[in-house]
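One structure is given below, encoded as structure tokens.
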2 protein chains.
Amino acid sequence: MIRIVKNNIRAYELAKEQKEISISEFFTKNRHLLGFDNPVRALLTTIKELVDNSLDACDEMKVLPDIMVQISSVSENRYRVVVEDNGPGIVKQQIPNIFAKLLYGSKFFKLRQSRGQQGIGVSASVLYGQLTTGKSAKIISKIDPKKPAHYYGLHIDTARNEPEILKEEVVKWDKDHGTKVEIELEGNYKFGARYIESYLKQTAMVNPHLKLIYIDPEKKKKTFSRAVSELPTEPKAIKPHPHGIELGILMNMLKNTKARTIQSFLTNDFCRVGSKTAKNICDMAKINTNARPKRIARQEADNLLQAIKKTKLIAPPTDCLSPIGSSLLEKGLKKEVNAEFFTAITRPPSVYRGMPFQIEAAIAYGGDLDKEGNVKVMRFANKVPLLYQQGACAITKSIQQTKWRSYGLQQSGNNIPVGPAMIVVHIASVWVPFTSESKEAIAHYPEIIKEVKLALQECGRQLSRYIRRKIRSKEQKERVNLFEKYIPEIAISLSNISGISRIKIENDLNKILKKNTNQIIKEGEI
Amino acid sequence: MIRIVKNNIRAYELAKEQKEISISEFFTKNRHLLGFDNPVRALLTTIKELVDNSLDACDEMKVLPDIMVQISSVSENRYRVVVEDNGPGIVKQQIPNIFAKLLYGSKFFKLRQSRGQQGIGVSASVLYGQLTTGKSAKIISKIDPKKPAHYYGLHIDTARNEPEILKEEVVKWDKDHGTKVEIELEGNYKFGARYIESYLKQTAMVNPHLKLIYIDPEKKKKTFSRAVSELPTEPKAIKPHPHGIELGILMNMLKNTKARTIQSFLTNDFCRVGSKTAKNICDMAKINTNARPKRIARQEADNLLQAIKKTKLIAPPTDCLSPIGSSLLEKGLKKEVNAEFFTAITRPPSVYRGMPFQIEAAIAYGGDLDKEGNVKVMRFANKVPLLYQQGACAITKSIQQTKWRSYGLQQSGNNIPVGPAMIVVHIASVWVPFTSESKEAIAHYPEIIKEVKLALQECGRQLSRYIRRKIRSKEQKERVNLFEKYIPEIAISLSNISGISRIKIENDLNKILKKNTNQIIKEGEI
């Protein structure tokens with residue numbers, strides 16, 4: 001009897017402890033998931049989230065981005081980060097949610113390439129600042145030269161994951177439109193400085209339309225100037241592709257669609273389904289094309305999904321992507337490193353789980369690059385440099401699995417190759433599958449690894465052609481030099497045998513040699 | 001003018017798109033974060049989440065766990081997973097939340113060692129099942145032999161992250177108390193079988209009080225029987241330690257405390273703060289001990305935190321931890337591998353970010369273990385085996401950074417050592433800092449890496465003593481054998497010189513040799 005009572009009580013006791021956890025509380029405890037493991041990384045992550053957001057905002061508005069980043073020292077281990085942009089600004093009512101509520105944003109539901117995608121990053125920085133310094137985030141935003149700017153001092157109410165407005169006022173701001181964010185946080189600039197500089201430098205490299213001014217805690221100002229004044233192609237939002245859909249999502253879509261028939265549901269809510277294809281799918285699934293989507297039961301939905309899977313469809317449209325482009329990528333790399341050979345390529349778009357993505361790669365070789373150590377690797381996702389977690393990234397795995405010996409680099413087993421080279425890989429996608437919320441490494445989807453390897457092989461072939469030519473030309477030059485040395489002796493022997501003047505033979509031999517050498521040098525230069 | 005209007009419109013357009021993302025929607029899109037990257041891993045993750053929950057429930061109730069795991073094949077790539085336990089059961093009203101709402105549970109707010117900690121795992125499995133098969137999760141739970149059992153058929157409403165109850169009824173269940181969960185999901189058993197078996201085997205190894213029955217899709221039944229019938233020490237919940245607190249959290253605690261003075265706030269809401277220490281802290285921060293916690297402003301809270309940081313405090317209590325214990329760990333390992341040498345140790349508890357944790361390690365050497373390849377590594381966190389993401393784990397890093405050559409194993413650079421050995425590491429903590437929600441790798445906190453290395457070094461010293469003895473004994477035996485061979489010849493020579501009988505000398509020499517050999521064998525056996 002005692003046992004029974006005890007048990008009963010235990011279940012009720014447990015029930016009292018069972019409660020909801022807000023997403024803010026969850027990330028407060030797990031802040032390393034968001035890239036705030038330590039003060040060095042926290043400083044970089046904050047700058048990164050703010051700059052990425054500013055770049056997205058300017059791209060949205062189709063304006064050439066003018067961004068200012070300033071770090072000032074407040075006290076030991078405490079810094080104030082200010083990022084200011086000339087984007088469209090944020091409508092007053094939305095400012096608190098955008099900056100002080102995790103999982104809030106405009107990019108999550110849209111299938112279109114953008115830097116931010118989860119609605120976590122900026123508010124995570126606000127959360128971290130609040131956690132470590134207790135200070136509120138200060139936002140100024142203006143959407144119209146004729147309207148005033150709005151100022152907000154914001155905290156996150158972590159128990160409810162809702163913004164807490166500490167101050168709110170109309171302010172004067174000498175700018176047509178844009179947003180300025182100020183966050184105070186615990187950081188480590190001393191060890192973080194080189195990460196921040198790498199991040200800004202690499203960002204400028206793959207965003208040549210950006211003008212960025214960076215002021216460090218010693219008030220030193222560095223300008224990354226605009227290299228091109230055209231805007232990148234604007235990526236368009238697309239509808240989901242039927243081949244990336246799973247049963248649960250399909251059932252959800254059927255429940256929430258505005259379409260009144262299955263036929264129109266298939267053609268309107270997906271891309272790449274025409275009315276004939278829709279009819280075929282319905283026939284295969286034994287569903288009437290006029291059936292009401294809301295009345296489709298689980299088993300019918302499953303039949304529909306199986307029919308979709310069996311149907312051949314054109315790959316999703318790729319105007320949702322905005323790659324850097326091989327020539328801009330190569331140009332950017334040339335600005336970054338002093339090498340003797342460069343190559344860059346953009347692969348045709350491909351698809352994983354119904355999501356379009358596109359891989360670009362570039363290689364620099366020789367010149368100032370270190371001959372002894374591992375090849376340098378630069379990773380980018382949707383034009384954002386990835387600086388941490390290289391070991392966990394699908395790009396790294398793809399590099400390791402490529403056979404670099406056949407392209408002229410040393411490599412032991414499945415390790416990063418060794419030699420004077422730099423490898424750059426960029427993935428552009430409507431949804432980059434990161435391994436954690438801190439967005440530093442790409443998950444190992446086989447489709448992505450395959451495409452990266454194909455891109456690397458293409459660059460590799462260019463590289464090996466260059467290296468082989470370089471070796472051949474070097475060997476031939478050595479042979480020429482050797483031959484040149486022996487010309488006088490050969491001339492004497494030939495003169496003795498033939499009776500022709502030694503000097504004439506010597507001159508003739510020199511002429512032949514010179515002609516061939518020019519040819520060799522020319523070949524080596526291509 | 002056109003520009004201005006356009007801008008204004010753009011900000012408003014964007015505002016329309018900005019909205020809240022539910023945590024379920026977030027994880028639907030990012031399900032690889034939860035361990036559902038592919039069908040092989042999804043099947044394992046589902047079993048793991050359910051079994052871990054059952055074990056926690058039985059530990060809560062202090063009952064010896066009797067768990068049944070059954071996988072049945074539904075169709076190609078679809079499986080039904082059933083896990084049944086004899087835990088306390090779940091109060092009716094809480095069943096929907098526990099199983100069909102992400103971020104809901106009893107363990108998140110408690111500082112006590114448990115397998116689950118985030119309130120995500122089980123509902124993530126329900127979400128994945130629903131996503132891939134559209135089927136509801138089926139739960140039966142009973143909290144009292146005298147009361148009926150409750151049945152629920154549940155979906156997750158992903159847009160709101162709320163349970164959707166499809167069926168609810170009172171059922172007969174021939175069990176005093178416990179919970180039974182059934183989830184249908186897309187999986188791959190063919191390639192997943194060995195992971196599932198490893199997980200169950202290793203779980204039984206570190207939970208010797210568990211009896212587990214596993215029925216695979218071919219209906220083959222495997223029983224992991226109970227090795228000990230004592231319950232593990234029950235971990236107690238502790239209050240937060242002041243040294244692990246950050247400003248934001250302190251401010252939150254001040255706002256929400258029931259204490260009426262700072263003095264009582266410090267002594268009641270934290271561990272290891274007595275009234276004298278509390279007074280000292282207040283004096284240092286220049287705050288009156290009778291001040292009302294709710295009225296403490298940011299700057300005062302900051303002063304309080306700085307004072308806390310400067311105050312020496314005893315480390316947090318460690319009865320919140322329940323390690324396996326070195327002897328049980330060694331026993332478990334002996335059941336698992338056939339080796340010739342075993343050693344295991346439990347380190348004293350330590351602290352990271354105010355969180356107590358404790359490291360245990362064991363090494364098995366020789367016997368059937370493979371002499372050629374890398375040393376096998378088994379990782380555990382709060383008695384749960386970690387099977388994926390070995391490369392990203394702090395345990396792996398600690399193994400790589402240990403100098404194994406001095407302990408008798410081969411090792412090149414900072415790689416996993418090579419040789420006939422198996423290394424086991426267990427971390428027990430009130431909050432294990434995993435690198436992602438899938439809980440497969442431990443974040444690189446320096447305090448944790450240091451402790452793991454110390455544990456490995458301690459085991460390493462035992463190992464090297466054994467290996468050295470083994471080598472010495474082998475060498476001595478070889479010398480003995482050599483000497484034995486020459487005894488007859490030596491006896492002849494000595495007999496010639498001394499005139500003593502050859503046979504007597506031979507017998508004497510053999511006697512001496514035998515005595516010494518026994519000594520050597522004895523030493524080698526220790």
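Residues are named by chain letter and number: chains run A, B, ... in the order of the structure tokens, numbers start at 1 in each chain, and ligands are numbered from 1 in the order shown.
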(message) I'd like the neighbourhood of Lys146 (chain A) as a PyMOL selection string, where a residue qualifies if any of its atoms comes within 9 Å (using only C-alpha atoms), though same-chain residues fewer than 2 positions away should be ignored.
(response) (chain A and resi 143-144+148+176) or (chain B and resi 4)
(request) Could you give me, as a PyMOL selection string, the residues within 6 Å of region 92-102 of chain B, counting only C-alpha atoms and dropping anything in the same chain fewer than 4 positions from it? (result) chain B and resi 120+123+156+161-163
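Between CA of Gln70 (chain B) and CA of Ala42 (chain B) the separation is 15.4 Å.
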(request) Report the residues of region 295-521 of chain A whose backbone DSSP state falls under strand (DSSP E), written as a ChimeraX atom specification. (result) /A:341-346,350-352,355-365,376-381,384-386,421-429
Go ahead and save the picked residues with C-alpha atoms, as a short mmCIF file (atom, residue, chain, number, x, y, z; two decimals), in the first residue's frame.
```
data_model
loop_
_atom_site.label_atom_id
_atom_site.label_comp_id
_atom_site.auth_asym_id
_atom_site.auth_seq_id
_atom_site.Cartn_x
_atom_site.Cartn_y
_atom_site.Cartn_z
CA PHE A 341 47.87 31.68 -60.50
CA PHE A 342 44.11 32.14 -59.97
CA THR A 343 41.09 30.20 -61.11
CA ALA A 344 37.42 30.41 -60.14
CA ILE A 345 34.24 28.70 -61.24
CA THR A 346 30.50 28.80 -60.58
CA SER A 350 21.57 21.89 -57.85
CA VAL A 351 18.99 20.71 -55.28
CA TYR A 352 18.97 19.08 -51.82
CA MET A 355 16.06 23.40 -51.85
CA PRO A 356 18.05 24.98 -54.71
CA PHE A 357 21.69 25.65 -53.99
CA GLN A 358 24.76 26.60 -55.96
CA ILE A 359 28.46 26.09 -55.34
CA GLU A 360 31.31 28.39 -56.34
CA ALA A 361 34.99 27.68 -55.83
CA ALA A 362 38.31 29.39 -56.44
CA ILE A 363 41.97 28.50 -56.02
CA ALA A 364 45.00 30.77 -55.72
CA TYR A 365 48.45 29.23 -56.09
CA LYS A 376 44.45 27.86 -46.51
CA VAL A 377 40.69 27.43 -46.68
CA MET A 378 38.07 30.20 -46.89
CA ARG A 379 34.44 29.20 -46.52
CA PHE A 380 31.40 31.31 -47.37
CA ALA A 381 27.65 30.71 -47.11
CA VAL A 384 28.97 35.43 -45.29
CA PRO A 385 32.46 34.23 -44.22
CA LEU A 386 32.49 31.21 -41.90
CA ALA A 421 47.55 27.42 -52.23
CA MET A 422 44.32 28.95 -50.98
CA ILE A 423 40.96 27.26 -51.58
CA VAL A 424 37.75 29.31 -51.50
CA VAL A 425 34.28 27.72 -51.49
CA HIS A 426 30.94 29.53 -51.50
CA ILE A 427 27.52 27.95 -51.08
CA ALA A 428 24.48 29.99 -52.04
CA SER A 429 21.11 28.55 -51.07
#
```
Chain A near chain B within 8 Å: what's each residue's closest atom pair and its distance in Å to one decimal, counting only C-alpha atoms, ordered by chain then ascending residue number, as JSON lines?
```
{"residue": "A:Ile4", "atom": "CA", "partner": "B:Asp144", "partner_atom": "CA", "distance": 6.4}
{"residue": "A:Val5", "atom": "CA", "partner": "B:Asp144", "partner_atom": "CA", "distance": 7.9}
{"residue": "A:Asn7", "atom": "CA", "partner": "B:Pro88", "partner_atom": "CA", "distance": 5.8}
{"residue": "A:Asn8", "atom": "CA", "partner": "B:Asp144", "partner_atom": "CA", "distance": 5.6}
{"residue": "A:Arg10", "atom": "CA", "partner": "B:Met61", "partner_atom": "CA", "distance": 6.6}
{"residue": "A:Ala11", "atom": "CA", "partner": "B:Pro88", "partner_atom": "CA", "distance": 5.6}
{"residue": "A:Tyr12", "atom": "CA", "partner": "B:Val91", "partner_atom": "CA", "distance": 6.4}
{"residue": "A:Leu14", "atom": "CA", "partner": "B:Ser106", "partner_atom": "CA", "distance": 7.0}
{"residue": "A:Ala15", "atom": "CA", "partner": "B:Val91", "partner_atom": "CA", "distance": 6.3}
{"residue": "A:Glu17", "atom": "CA", "partner": "B:Ser106", "partner_atom": "CA", "distance": 4.9}
{"residue": "A:Gln18", "atom": "CA", "partner": "B:Ser106", "partner_atom": "CA", "distance": 4.0}
{"residue": "A:Lys19", "atom": "CA", "partner": "B:Gly105", "partner_atom": "CA", "distance": 5.4}
{"residue": "A:Glu20", "atom": "CA", "partner": "B:Tyr104", "partner_atom": "CA", "distance": 4.4}
{"residue": "A:Ile21", "atom": "CA", "partner": "B:Leu103", "partner_atom": "CA", "distance": 5.2}
{"residue": "A:Ser22", "atom": "CA", "partner": "B:Leu103", "partner_atom": "CA", "distance": 7.1}
{"residue": "A:Ile23", "atom": "CA", "partner": "B:Leu103", "partner_atom": "CA", "distance": 7.5}
{"residue": "A:Phe26", "atom": "CA", "partner": "B:Gln118", "partner_atom": "CA", "distance": 7.5}
{"residue": "A:Asn30", "atom": "CA", "partner": "B:Pro433", "partner_atom": "CA", "distance": 7.2}
{"residue": "A:His32", "atom": "CA", "partner": "B:Thr435", "partner_atom": "CA", "distance": 7.3}
{"residue": "A:Leu33", "atom": "CA", "partner": "B:Ser436", "partner_atom": "CA", "distance": 6.3}
{"residue": "A:Met61", "atom": "CA", "partner": "B:Arg10", "partner_atom": "CA", "distance": 6.6}
{"residue": "A:Pro88", "atom": "CA", "partner": "B:Ala11", "partner_atom": "CA", "distance": 5.6}
{"residue": "A:Gly89", "atom": "CA", "partner": "B:Ala11", "partner_atom": "CA", "distance": 6.2}
{"residue": "A:Ile90", "atom": "CA", "partner": "B:Ala11", "partner_atom": "CA", "distance": 5.8}
{"residue": "A:Val91", "atom": "CA", "partner": "B:Ala11", "partner_atom": "CA", "distance": 6.0}
{"residue": "A:Gln94", "atom": "CA", "partner": "B:Ala15", "partner_atom": "CA", "distance": 6.6}
{"residue": "A:Ile98", "atom": "CA", "partner": "B:Gln18", "partner_atom": "CA", "distance": 7.9}
{"residue": "A:Leu103", "atom": "CA", "partner": "B:Ile21", "partner_atom": "CA", "distance": 5.2}
{"residue": "A:Tyr104", "atom": "CA", "partner": "B:Glu20", "partner_atom": "CA", "distance": 4.4}
{"residue": "A:Gly105", "atom": "CA", "partner": "B:Gln18", "partner_atom": "CA", "distance": 4.6}
{"residue": "A:Ser106", "atom": "CA", "partner": "B:Gln18", "partner_atom": "CA", "distance": 4.0}
{"residue": "A:Lys107", "atom": "CA", "partner": "B:Gln18", "partner_atom": "CA", "distance": 7.8}
{"residue": "A:Phe108", "atom": "CA", "partner": "B:Ile21", "partner_atom": "CA", "distance": 7.5}
{"residue": "A:Gln118", "atom": "CA", "partner": "B:Phe26", "partner_atom": "CA", "distance": 7.5}
{"residue": "A:Gly119", "atom": "CA", "partner": "B:Ile21", "partner_atom": "CA", "distance": 7.8}
{"residue": "A:Gln130", "atom": "CA", "partner": "B:Gly248", "partner_atom": "CA", "distance": 5.6}
{"residue": "A:Leu131", "atom": "CA", "partner": "B:Gly248", "partner_atom": "CA", "distance": 3.7}
{"residue": "A:Thr132", "atom": "CA", "partner": "B:Leu247", "partner_atom": "CA", "distance": 5.3}
{"residue": "A:Thr133", "atom": "CA", "partner": "B:Leu247", "partner_atom": "CA", "distance": 6.0}
{"residue": "A:Gly134", "atom": "CA", "partner": "B:Gly248", "partner_atom": "CA", "distance": 5.1}
{"residue": "A:Lys135", "atom": "CA", "partner": "B:Arg298", "partner_atom": "CA", "distance": 7.8}
{"residue": "A:Ile143", "atom": "CA", "partner": "B:Asn8", "partner_atom": "CA", "distance": 5.7}
{"residue": "A:Asp144", "atom": "CA", "partner": "B:Asn8", "partner_atom": "CA", "distance": 5.6}
{"residue": "A:Pro145", "atom": "CA", "partner": "B:Ile4", "partner_atom": "CA", "distance": 7.0}
{"residue": "A:Glu246", "atom": "CA", "partner": "B:Thr132", "partner_atom": "CA", "distance": 5.8}
{"residue": "A:Leu247", "atom": "CA", "partner": "B:Thr132", "partner_atom": "CA", "distance": 5.3}
{"residue": "A:Gly248", "atom": "CA", "partner": "B:Leu131", "partner_atom": "CA", "distance": 3.7}
{"residue": "A:Ile249", "atom": "CA", "partner": "B:Leu131", "partner_atom": "CA", "distance": 6.3}
{"residue": "A:Met251", "atom": "CA", "partner": "B:Gly134", "partner_atom": "CA", "distance": 7.4}
{"residue": "A:Arg298", "atom": "CA", "partner": "B:Gly134", "partner_atom": "CA", "distance": 6.4}
{"residue": "A:Asp302", "atom": "CA", "partner": "B:Thr133", "partner_atom": "CA", "distance": 7.8}
{"residue": "A:Gly391", "atom": "CA", "partner": "B:Ala392", "partner_atom": "CA", "distance": 7.6}
{"residue": "A:Ala392", "atom": "CA", "partner": "B:Ala392", "partner_atom": "CA", "distance": 6.7}
{"residue": "A:Pro433", "atom": "CA", "partner": "B:Asn30", "partner_atom": "CA", "distance": 7.1}
{"residue": "A:Thr435", "atom": "CA", "partner": "B:Leu33", "partner_atom": "CA", "distance": 6.3}
{"residue": "A:Ser436", "atom": "CA", "partner": "B:Ser436", "partner_atom": "CA", "distance": 6.1}
{"residue": "A:Ala443", "atom": "CA", "partner": "B:His32", "partner_atom": "CA", "distance": 7.8}
```
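CA of Val51 (chain A) to CA of Arg160 (chain A) spans 27.3 Å [interatomic distance, one decimal].
Put simply, CA of Ala227 (chain A) is 8.4 Å away from CA of Lys211 (chain A).
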(message) Using DSSP secondary structure from the backbone, list all alpha helix (DSSP H) positions within region 274-437 of chain A, as a ChimeraX atom specification.
(response) /A:275-285,298-310,326-336,394-401
Neighbours of Gly367 (chain B) within 7 Å (only C-alpha atoms; same-chain residues fewer than 2 positions away dropped), as a PDB file with C-alpha atoms, in the first residue's frame?
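Final file, around_31.pdb:
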```
ATOM      1  CA  ASN B 338      37.720  -9.397 -23.560  1.00  0.00           C
ATOM      2  CA  ALA B 339      40.983  -7.709 -22.575  1.00  0.00           C
ATOM      3  CA  GLU B 340      43.910  -8.642 -20.318  1.00  0.00           C
ATOM      4  CA  TYR B 365      44.115  -3.176 -22.909  1.00  0.00           C
ATOM      5  CA  LEU B 369      41.372  -5.789 -28.869  1.00  0.00           C
TER       6      LEU B 369
END
```
(message) Just checking: using only C-alpha atoms, which residue out of B:Ile262, B:Pro317, B:Ser275, B:Ile196 ends up closest to Arg295 (chain B)?
(response) B:Ile262
(request) Within 7 Å of Glu169 (chain A), counting only C-alpha atoms, which residues show up once you throw out same-chain ones fewer than 6 positions away? Write them as number ranges by chain, please. (result) A: 150-152
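Among the candidate residues A:Lys180, A:Lys485, A:Arg461, A:Arg405, the one lying nearest to Leu509 (chain A) is A:Lys485, with distances computed using only C-alpha atoms.
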(request) May I have the residues within 9 Å of Arg78 (chain A) as an NGL selection string, using only C-alpha atoms and disregarding those fewer than 4 positions away in the same chain? (result) :A and (72-74 or 132-133 or 184-188)
(request) Would you list the contacts of Arg115 (chain B) as number ranges by chain, taking every protein, DNA or RNA residue within 9 Å and counting only C-alpha atoms, but skipping same-chain residues closer than 6 positions in sequence? (result) B: 52-53, 55-56, 381-384
Filtering to C-alpha atoms, could you give me those residues as a PDB file, in the first residue's frame?
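Below is the file that was written, result.pdb:
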```pdb
ATOM      1  CA  ASP B  52      16.612   7.999 -21.822  1.00  0.00           C
ATOM      2  CA  ASN B  53      13.274   9.412 -20.703  1.00  0.00           C
ATOM      3  CA  LEU B  55      15.418   5.692 -17.358  1.00  0.00           C
ATOM      4  CA  ASP B  56      15.061   9.193 -15.908  1.00  0.00           C
ATOM      5  CA  ALA B 381      27.292  11.918 -20.730  1.00  0.00           C
ATOM      6  CA  ASN B 382      25.036  11.478 -17.697  1.00  0.00           C
ATOM      7  CA  LYS B 383      25.079   7.693 -18.332  1.00  0.00           C
ATOM      8  CA  VAL B 384      23.957   8.079 -21.955  1.00  0.00           C
TER       9      VAL B 384
END
```
